[in-house]
$ cat final_29.txt   # compact mmCIF, C-alpha atoms
# COMPACT_ATOMS: atom_id res chain seq x y z
CA MET A 11 -10.97 -18.96 -11.11
CA ASN A 12 -10.45 -15.39 -9.91
CA ALA A 13 -9.03 -14.62 -6.48
CA VAL A 14 -10.21 -12.08 -3.91
CA LEU A 15 -8.19 -10.52 -1.10
CA VAL A 16 -10.31 -9.54 1.92
CA THR A 17 -8.84 -7.42 4.72
CA GLY A 18 -10.34 -7.48 8.20
CA ALA A 19 -11.36 -11.03 7.38
CA THR A 20 -12.03 -12.34 10.88
CA GLY A 21 -14.65 -9.77 11.91
CA GLY A 22 -18.36 -10.21 11.36
CA ILE A 23 -18.55 -8.53 7.95
CA GLY A 24 -15.15 -9.92 6.97
CA GLN A 25 -16.20 -13.50 7.61
CA ALA A 26 -19.41 -12.96 5.64
CA LEU A 27 -17.38 -11.52 2.75
CA CYS A 28 -15.03 -14.51 2.70
CA ALA A 29 -17.92 -17.00 2.76
CA ALA A 30 -19.88 -15.18 0.04
CA PHE A 31 -16.93 -14.91 -2.34
CA ARG A 32 -16.00 -18.55 -1.76
CA ASP A 33 -19.61 -19.55 -2.54
CA ALA A 34 -19.32 -17.47 -5.73
CA GLY A 35 -16.34 -19.54 -6.85
CA TYR A 36 -13.42 -17.27 -5.89
CA ARG A 37 -10.10 -18.31 -4.41
CA VAL A 38 -10.23 -16.41 -1.10
CA LEU A 39 -7.12 -14.80 0.38
CA ALA A 40 -7.74 -13.32 3.81
CA THR A 41 -5.75 -10.98 6.01
CA ASP A 42 -6.17 -9.65 9.52
CA SER A 43 -4.08 -9.02 12.59
CA ASP A 44 -6.14 -11.72 14.36
CA ALA A 45 -5.69 -15.24 12.94
CA ARG A 46 -9.11 -16.58 13.93
CA PRO A 47 -10.62 -19.13 11.49
CA CYS A 48 -12.45 -17.82 8.42
CA ALA A 49 -13.63 -19.30 5.12
CA CYS A 50 -10.45 -18.77 3.11
CA ASP A 51 -7.95 -20.65 1.00
CA ALA A 52 -4.95 -18.77 2.40
CA PHE A 53 -4.55 -16.57 5.48
CA LEU A 54 -1.88 -13.84 5.42
CA PRO A 55 -1.48 -12.06 8.77
CA LEU A 56 -0.76 -8.34 8.53
CA ASP A 57 -0.75 -5.25 10.74
CA LEU A 58 -2.30 -2.82 8.26
CA ALA A 59 -1.05 0.24 10.14
CA ARG A 60 2.52 -0.75 9.19
CA LEU A 61 1.78 -0.19 5.50
CA ALA A 62 1.72 3.56 6.12
CA ASP A 63 5.45 3.86 6.74
CA ASP A 64 7.12 0.42 6.45
CA VAL A 65 8.26 -0.18 2.87
CA ALA A 66 9.65 -3.61 3.69
CA ALA A 67 6.37 -4.74 5.25
CA GLY A 68 4.44 -3.64 2.17
CA GLY A 69 6.81 -5.33 -0.24
CA GLY A 70 6.84 -8.52 1.80
CA PHE A 71 3.05 -8.64 1.98
CA ALA A 72 2.66 -8.04 -1.76
CA ALA A 73 5.06 -10.91 -2.43
CA ALA A 74 3.08 -13.16 -0.07
CA VAL A 75 -0.15 -12.28 -1.92
CA ARG A 76 1.41 -13.12 -5.27
CA ALA A 77 2.55 -16.48 -3.96
CA ALA A 78 -0.85 -17.23 -2.41
CA LEU A 79 -2.66 -16.41 -5.66
CA ASP A 80 -1.23 -19.69 -6.98
CA GLY A 81 -1.69 -18.55 -10.57
CA ALA A 82 -5.20 -17.13 -10.13
CA PRO A 83 -5.85 -13.54 -11.27
CA LEU A 84 -6.48 -11.03 -8.47
CA GLY A 85 -10.02 -10.19 -9.52
CA VAL A 86 -11.09 -8.35 -6.36
CA LEU A 87 -9.50 -6.41 -3.51
CA VAL A 88 -11.89 -5.77 -0.61
CA ASN A 89 -10.65 -3.13 1.82
CA ASN A 90 -12.84 -4.07 4.75
CA ALA A 91 -10.53 -3.67 7.78
CA ALA A 92 -11.13 -0.64 9.98
CA VAL A 93 -10.62 0.69 13.47
CA GLN A 94 -13.40 2.63 15.15
CA THR A 95 -11.68 5.18 17.36
CA LEU A 96 -14.31 6.76 19.58
CA GLY A 97 -14.16 10.16 21.24
CA GLY A 98 -14.40 13.81 20.34
CA VAL A 99 -11.53 16.18 19.70
CA ALA A 100 -10.90 16.67 23.41
CA GLU A 101 -10.53 12.93 24.05
CA THR A 102 -8.82 11.78 20.85
CA ALA A 103 -5.05 12.26 20.87
CA PRO A 104 -3.42 13.13 17.53
CA ALA A 105 -1.65 9.75 17.57
CA ALA A 106 -4.98 7.92 17.81
CA PHE A 107 -6.39 10.10 15.03
CA SER A 108 -3.40 9.29 12.83
CA HIS A 109 -3.74 5.57 13.57
CA SER A 110 -7.37 5.69 12.43
CA LEU A 111 -6.34 7.30 9.15
CA ALA A 112 -3.48 4.81 8.70
CA VAL A 113 -5.72 1.76 8.94
CA ASN A 114 -8.92 3.14 7.39
CA VAL A 115 -7.46 5.22 4.53
CA THR A 116 -3.73 4.78 4.00
CA ALA A 117 -3.86 0.97 4.07
CA PRO A 118 -6.51 0.74 1.29
CA TYR A 119 -4.42 3.16 -0.76
CA ALA A 120 -1.22 1.21 -0.06
CA LEU A 121 -2.78 -2.12 -1.07
CA SER A 122 -4.17 -0.58 -4.26
CA HIS A 123 -0.66 0.70 -5.01
CA LEU A 124 1.19 -2.49 -4.06
CA LEU A 125 -1.18 -4.74 -6.03
CA TYR A 126 -1.70 -2.32 -8.92
CA ASP A 127 -0.14 -4.58 -11.55
CA GLU A 128 -2.18 -7.60 -10.48
CA LEU A 129 -5.44 -5.64 -10.47
CA VAL A 130 -4.73 -4.14 -13.90
CA ALA A 131 -3.75 -7.50 -15.38
CA ALA A 132 -7.03 -8.99 -14.16
CA ARG A 133 -9.13 -5.91 -15.05
CA GLY A 134 -10.21 -6.32 -11.46
CA VAL A 135 -12.35 -4.58 -8.90
CA VAL A 136 -11.51 -2.65 -5.72
CA LEU A 137 -14.25 -2.50 -3.09
CA ASN A 138 -13.91 -0.19 -0.10
CA ILE A 139 -16.16 -0.87 2.87
CA GLY A 140 -17.10 2.57 4.11
CA SER A 141 -19.80 3.71 6.52
CA VAL A 142 -22.80 5.99 6.81
CA HIS A 143 -20.44 8.06 8.98
CA ALA A 144 -18.82 9.30 5.76
CA GLU A 145 -21.64 11.83 5.47
CA LEU A 146 -23.83 11.50 8.58
CA THR A 147 -22.24 11.28 11.98
CA LYS A 148 -22.73 12.16 15.65
CA PRO A 149 -20.65 13.48 18.53
CA GLY A 150 -17.81 11.26 19.64
CA PHE A 151 -16.99 9.80 16.22
CA THR A 152 -14.51 12.43 15.05
CA ALA A 153 -11.62 10.23 13.90
CA TYR A 154 -13.88 7.52 12.50
CA SER A 155 -16.14 9.83 10.51
CA VAL A 156 -13.19 11.78 9.09
CA SER A 157 -11.47 8.56 8.02
CA LYS A 158 -14.60 7.24 6.32
CA ALA A 159 -15.16 10.55 4.53
CA ALA A 160 -11.55 10.35 3.33
CA LEU A 161 -12.13 6.77 2.15
CA ALA A 162 -15.08 8.02 0.08
CA GLY A 163 -12.79 10.56 -1.59
CA LEU A 164 -10.16 7.90 -2.15
CA THR A 165 -12.75 5.69 -3.82
CA ARG A 166 -13.62 8.38 -6.37
CA ALA A 167 -9.96 9.23 -7.04
CA LEU A 168 -8.92 5.60 -7.49
CA ALA A 169 -11.90 4.98 -9.76
CA LEU A 170 -10.62 7.64 -12.16
CA ASP A 171 -6.99 6.52 -11.92
CA PHE A 172 -7.86 2.89 -12.61
CA ALA A 173 -10.62 3.44 -15.20
CA PRO A 174 -8.32 3.58 -18.27
CA HIS A 175 -7.15 0.08 -17.33
CA GLY A 176 -10.63 -1.39 -16.93
CA VAL A 177 -10.43 -1.62 -13.14
CA ARG A 178 -13.56 -0.54 -11.26
CA VAL A 179 -13.50 0.99 -7.75
CA ASN A 180 -16.60 1.35 -5.59
CA GLU A 181 -17.58 1.90 -1.97
CA ILE A 182 -20.21 0.11 0.10
CA ARG A 183 -21.67 2.15 2.98
CA PRO A 184 -23.20 -0.08 5.65
CA GLY A 185 -25.43 1.28 8.34
CA ALA A 186 -25.84 -0.40 11.74
CA THR A 187 -25.06 -4.06 11.15
CA ALA A 188 -25.67 -6.99 13.49
CA THR A 189 -22.12 -8.25 13.74
CA PRO A 190 -21.09 -10.52 16.63
CA MET A 191 -19.20 -7.58 18.15
CA LEU A 192 -22.26 -5.32 18.07
CA LEU A 193 -24.53 -8.05 19.42
CA ALA A 194 -22.11 -8.76 22.27
CA GLY A 195 -22.30 -5.10 23.26
CA PHE A 196 -26.07 -5.43 23.71
CA ALA A 197 -25.99 -8.86 25.37
CA ASP A 198 -27.16 -7.39 28.69
CA ASP A 199 -29.28 -4.64 27.18
CA PRO A 200 -32.02 -6.07 24.95
CA ALA A 201 -34.06 -2.89 25.35
CA GLY A 202 -31.14 -0.85 24.06
CA TYR A 203 -30.82 -3.13 21.04
CA ALA A 204 -34.55 -2.83 20.36
CA ALA A 205 -34.28 0.96 20.55
CA VAL A 206 -31.44 1.04 18.02
CA ALA A 207 -33.36 -1.27 15.70
CA ALA A 208 -36.46 0.91 16.01
CA THR A 209 -34.56 3.97 14.74
CA GLN A 210 -33.87 2.21 11.43
CA PRO A 211 -36.49 2.93 8.75
CA LEU A 212 -36.76 -0.80 7.99
CA GLY A 213 -37.14 -1.52 11.70
CA ARG A 214 -34.10 -3.77 12.02
CA LEU A 215 -30.32 -3.81 11.76
CA GLY A 216 -28.54 -5.06 8.69
CA GLU A 217 -26.96 -8.50 8.46
CA PRO A 218 -23.30 -9.09 7.48
CA ARG A 219 -24.46 -11.39 4.67
CA GLU A 220 -26.34 -8.46 3.11
CA ILE A 221 -23.14 -6.41 2.93
CA ALA A 222 -21.35 -9.41 1.45
CA ALA A 223 -24.06 -9.96 -1.16
CA MET A 224 -23.66 -6.38 -2.37
CA ALA A 225 -19.89 -6.89 -2.58
CA VAL A 226 -20.25 -10.01 -4.73
CA PHE A 227 -22.68 -8.17 -7.01
CA LEU A 228 -20.39 -5.16 -7.43
CA ALA A 229 -17.53 -7.51 -8.29
CA SER A 230 -19.61 -9.22 -10.96
CA ALA A 231 -20.04 -8.45 -14.66
CA GLN A 232 -23.62 -7.36 -13.91
CA ALA A 233 -22.12 -4.22 -12.31
CA GLY A 234 -19.69 -3.69 -15.17
CA PHE A 235 -20.62 -0.02 -15.70
CA VAL A 236 -20.52 0.92 -12.00
CA THR A 237 -17.41 2.70 -10.78
CA GLY A 238 -16.70 5.61 -8.45
CA ALA A 239 -20.01 4.93 -6.70
CA ALA A 240 -21.04 4.75 -3.04
CA LEU A 241 -23.74 2.13 -2.55
CA LYS A 242 -25.69 2.48 0.70
CA VAL A 243 -26.71 -0.72 2.49
CA ASP A 244 -28.16 1.04 5.52
CA GLY A 245 -31.85 0.24 5.80
CA GLY A 246 -32.70 3.79 4.70
CA ILE A 247 -31.11 5.56 7.67
CA ALA A 248 -29.24 8.02 5.42
CA ALA A 249 -32.57 9.12 3.93
CA ARG A 250 -34.23 9.82 7.26
CA LEU A 251 -34.57 13.30 8.75
CA HIS A 252 -34.48 13.35 12.56
CA ASP A 253 -36.15 16.33 14.15
CA PRO A 254 -38.17 16.90 17.35
CA ARG A 255 -41.60 16.42 15.75
$ encode --input "final_29.txt" --output "structure tokens"
Amino acid sequence: MNAVLVTGATGGIGQALCAAFRDAGYRVLATDSDARPCACDAFLPLDLARLADDVAAGGGFAAAVRAALDGAPLGVLVNNAAVQTLGGVAETAPAAFSHSLAVNVTAPYALSHLLYDELVAARGVVLNIGSVHAELTKPGFTAYSVSKAALAGLTRALALDFAPHGVRVNEIRPGATATPMLLAGFADDPAGYAAVAATQPLGRLGEPREIAAMAVFLASAQAGFVTGAALKVDGGIAARLHDPR
């Protein structure tokens, strides 16, 4: 039995990832700053922002992961956790911008570094959950879009670094996804939700389980020749040209 480590495990996509990998037969290790229940075999709380500059925190977390593996190979690392800092350059303080990069970019790098030996030994897979904002964005998403663009670059660089060891690294780019958090934001605005859904080429938002299904596929032998790729699970929004007519 292989093991998977999922960050951001208690959010909507995180919970779907944990459930899908457990259904696929993995030992599921989950981490988040919020210890809400999720479908996992071991929960390891962690403030991902600390990995950027706290050597002791990183070493301690890596040791906790090794213990929680309980002899299973670390077949998959899913870097799903993210913060969505909203605001343009005038509203976003440099500290908030740096925090976004710490969680969304530095933490995935740090975990890949800290768990390098385990991933190489298992000839494992690293999956980074990105966003359509890596290449298509809108005003007010400065820090978030920059961090997701950086994560895309990190994915390609890690893919080349890990390739000689048989470790594959890919990115999944979700579009608008009907997570509990998103749905709660539209609880009093059904017309607003309908309008967002109508802008999607497929006429609806994505489901967390659809992101999770892609992750399980990319971790499988069926995707054995896929590395350094960005797979869009966005209902076609990245293919759509918006203009006045």
$ closest_residue --input "final_29.txt" --among "A:Ala248, A:Leu84, A:Ala26, A:Val236" --to "Cys50 of chain A" --atoms "all atoms listed in the file"
A:Ala26
$ residues_around --input "final_29.txt" --residues "segment 126-128 of chain A" --least-positions-apart "2" --cutoff "9 Å" --atoms "only C-alpha atoms" --output "ChimeraX atom specification"
/A:76,83-85,121-124,130-134,172
$ residues_near_point --input "final_29.txt" --point "(-19.9, -5.4, 16.5)" --cutoff "12 Å" --atoms "all atoms listed in the file" --output "JSON, numbers by chain"
{"A": [20, 21, 22, 23, 24, 92, 93, 94, 185, 186, 187, 188, 189, 190, 191, 192, 193, 194, 195, 196, 197, 215, 216, 217, 218]}
$ closest_residue --input "final_29.txt" --among "A:Leu137, A:Ala240, A:Ala13, A:Leu96" --to "Ala159 of chain A" --atoms "all atoms listed in the file"
A:Ala240
$ atom_distance --input "final_29.txt" --atom1 "atom CA of Lys158 of chain A" --atom2 "atom CA of Ala19 of chain A"
18.6 Å
$ residues_around --input "final_29.txt" --residues "Asp57 of chain A" --least-positions-apart "4" --cutoff "12 Å" --atoms "all atoms listed in the file" --output "list of chain:residue names"
A:Thr17, A:Gly18, A:Thr41, A:Asp42, A:Ser43, A:Asp44, A:Ala45, A:Leu61, A:Ala62, A:Asp63, A:Asp64, A:Ala67, A:Gly68, A:Phe71, A:Ala91, A:Ala92, A:Val93, A:His109, A:Ala112, A:Val113, A:Ala117
$ write_last_selection --input "final_29.txt" --atoms "C-alpha atoms" --output "mmCIF file, in the frame of the given file"
data_model
loop_
_atom_site.group_PDB
_atom_site.id
_atom_site.type_symbol
_atom_site.label_atom_id
_atom_site.label_comp_id
_atom_site.auth_asym_id
_atom_site.auth_seq_id
_atom_site.Cartn_x
_atom_site.Cartn_y
_atom_site.Cartn_z
ATOM 1 C CA THR A 17 -8.840 -7.420 4.720
ATOM 2 C CA GLY A 18 -10.340 -7.480 8.200
ATOM 3 C CA THR A 41 -5.750 -10.980 6.010
ATOM 4 C CA ASP A 42 -6.170 -9.650 9.520
ATOM 5 C CA SER A 43 -4.080 -9.020 12.590
ATOM 6 C CA ASP A 44 -6.140 -11.720 14.360
ATOM 7 C CA ALA A 45 -5.690 -15.240 12.940
ATOM 8 C CA LEU A 61 1.780 -0.190 5.500
ATOM 9 C CA ALA A 62 1.720 3.560 6.120
ATOM 10 C CA ASP A 63 5.450 3.860 6.740
ATOM 11 C CA ASP A 64 7.120 0.420 6.450
ATOM 12 C CA ALA A 67 6.370 -4.740 5.250
ATOM 13 C CA GLY A 68 4.440 -3.640 2.170
ATOM 14 C CA PHE A 71 3.050 -8.640 1.980
ATOM 15 C CA ALA A 91 -10.530 -3.670 7.780
ATOM 16 C CA ALA A 92 -11.130 -0.640 9.980
ATOM 17 C CA VAL A 93 -10.620 0.690 13.470
ATOM 18 C CA HIS A 109 -3.740 5.570 13.570
ATOM 19 C CA ALA A 112 -3.480 4.810 8.700
ATOM 20 C CA VAL A 113 -5.720 1.760 8.940
ATOM 21 C CA ALA A 117 -3.860 0.970 4.070
#
$ closest_residue --input "final_29.txt" --among "A:Leu228, A:Ala100, A:Gln210, A:Thr237" --to "Ala249 of chain A" --atoms "only C-alpha atoms"
A:Gln210
$ decode --input "final_29.txt" --residues "segment 32-60 of chain A" --atoms "C-alpha atoms" --output "PDB file, in the first residue's frame"
ATOM      1  CA  ARG A  32      -8.476   6.389   0.313  1.00  0.00           C
ATOM      2  CA  ASP A  33     -10.989   4.808  -2.094  1.00  0.00           C
ATOM      3  CA  ALA A  34      -8.054   4.063  -4.417  1.00  0.00           C
ATOM      4  CA  GLY A  35      -6.333   2.091  -1.659  1.00  0.00           C
ATOM      5  CA  TYR A  36      -3.810   4.627  -0.346  1.00  0.00           C
ATOM      6  CA  ARG A  37      -2.830   5.239   3.257  1.00  0.00           C
ATOM      7  CA  VAL A  38      -3.880   8.889   3.621  1.00  0.00           C
ATOM      8  CA  LEU A  39      -1.826  11.352   5.655  1.00  0.00           C
ATOM      9  CA  ALA A  40      -3.472  14.749   5.947  1.00  0.00           C
ATOM     10  CA  THR A  41      -2.241  18.131   7.105  1.00  0.00           C
ATOM     11  CA  ASP A  42      -3.863  21.491   7.646  1.00  0.00           C
ATOM     12  CA  SER A  43      -3.848  24.278  10.184  1.00  0.00           C
ATOM     13  CA  ASP A  44      -7.505  23.428  10.925  1.00  0.00           C
ATOM     14  CA  ALA A  45      -8.039  19.985  12.494  1.00  0.00           C
ATOM     15  CA  ARG A  46     -11.569  19.413  11.190  1.00  0.00           C
ATOM     16  CA  PRO A  47     -12.430  15.767  10.375  1.00  0.00           C
ATOM     17  CA  CYS A  48     -11.370  14.374   7.008  1.00  0.00           C
ATOM     18  CA  ALA A  49     -11.033  10.904   5.484  1.00  0.00           C
ATOM     19  CA  CYS A  50      -7.480  10.161   6.589  1.00  0.00           C
ATOM     20  CA  ASP A  51      -5.454   7.575   8.459  1.00  0.00           C
ATOM     21  CA  ALA A  52      -3.293  10.163  10.236  1.00  0.00           C
ATOM     22  CA  PHE A  53      -3.713  13.915  10.712  1.00  0.00           C
ATOM     23  CA  LEU A  54      -0.576  16.044  11.155  1.00  0.00           C
ATOM     24  CA  PRO A  55      -1.343  19.692  11.977  1.00  0.00           C
ATOM     25  CA  LEU A  56       1.018  22.222  10.405  1.00  0.00           C
ATOM     26  CA  ASP A  57       1.225  25.951   9.742  1.00  0.00           C
ATOM     27  CA  LEU A  58       2.672  25.790   6.227  1.00  0.00           C
ATOM     28  CA  ALA A  59       3.899  29.386   6.331  1.00  0.00           C
ATOM     29  CA  ARG A  60       6.424  28.345   9.005  1.00  0.00           C
TER      30      ARG A  60
END
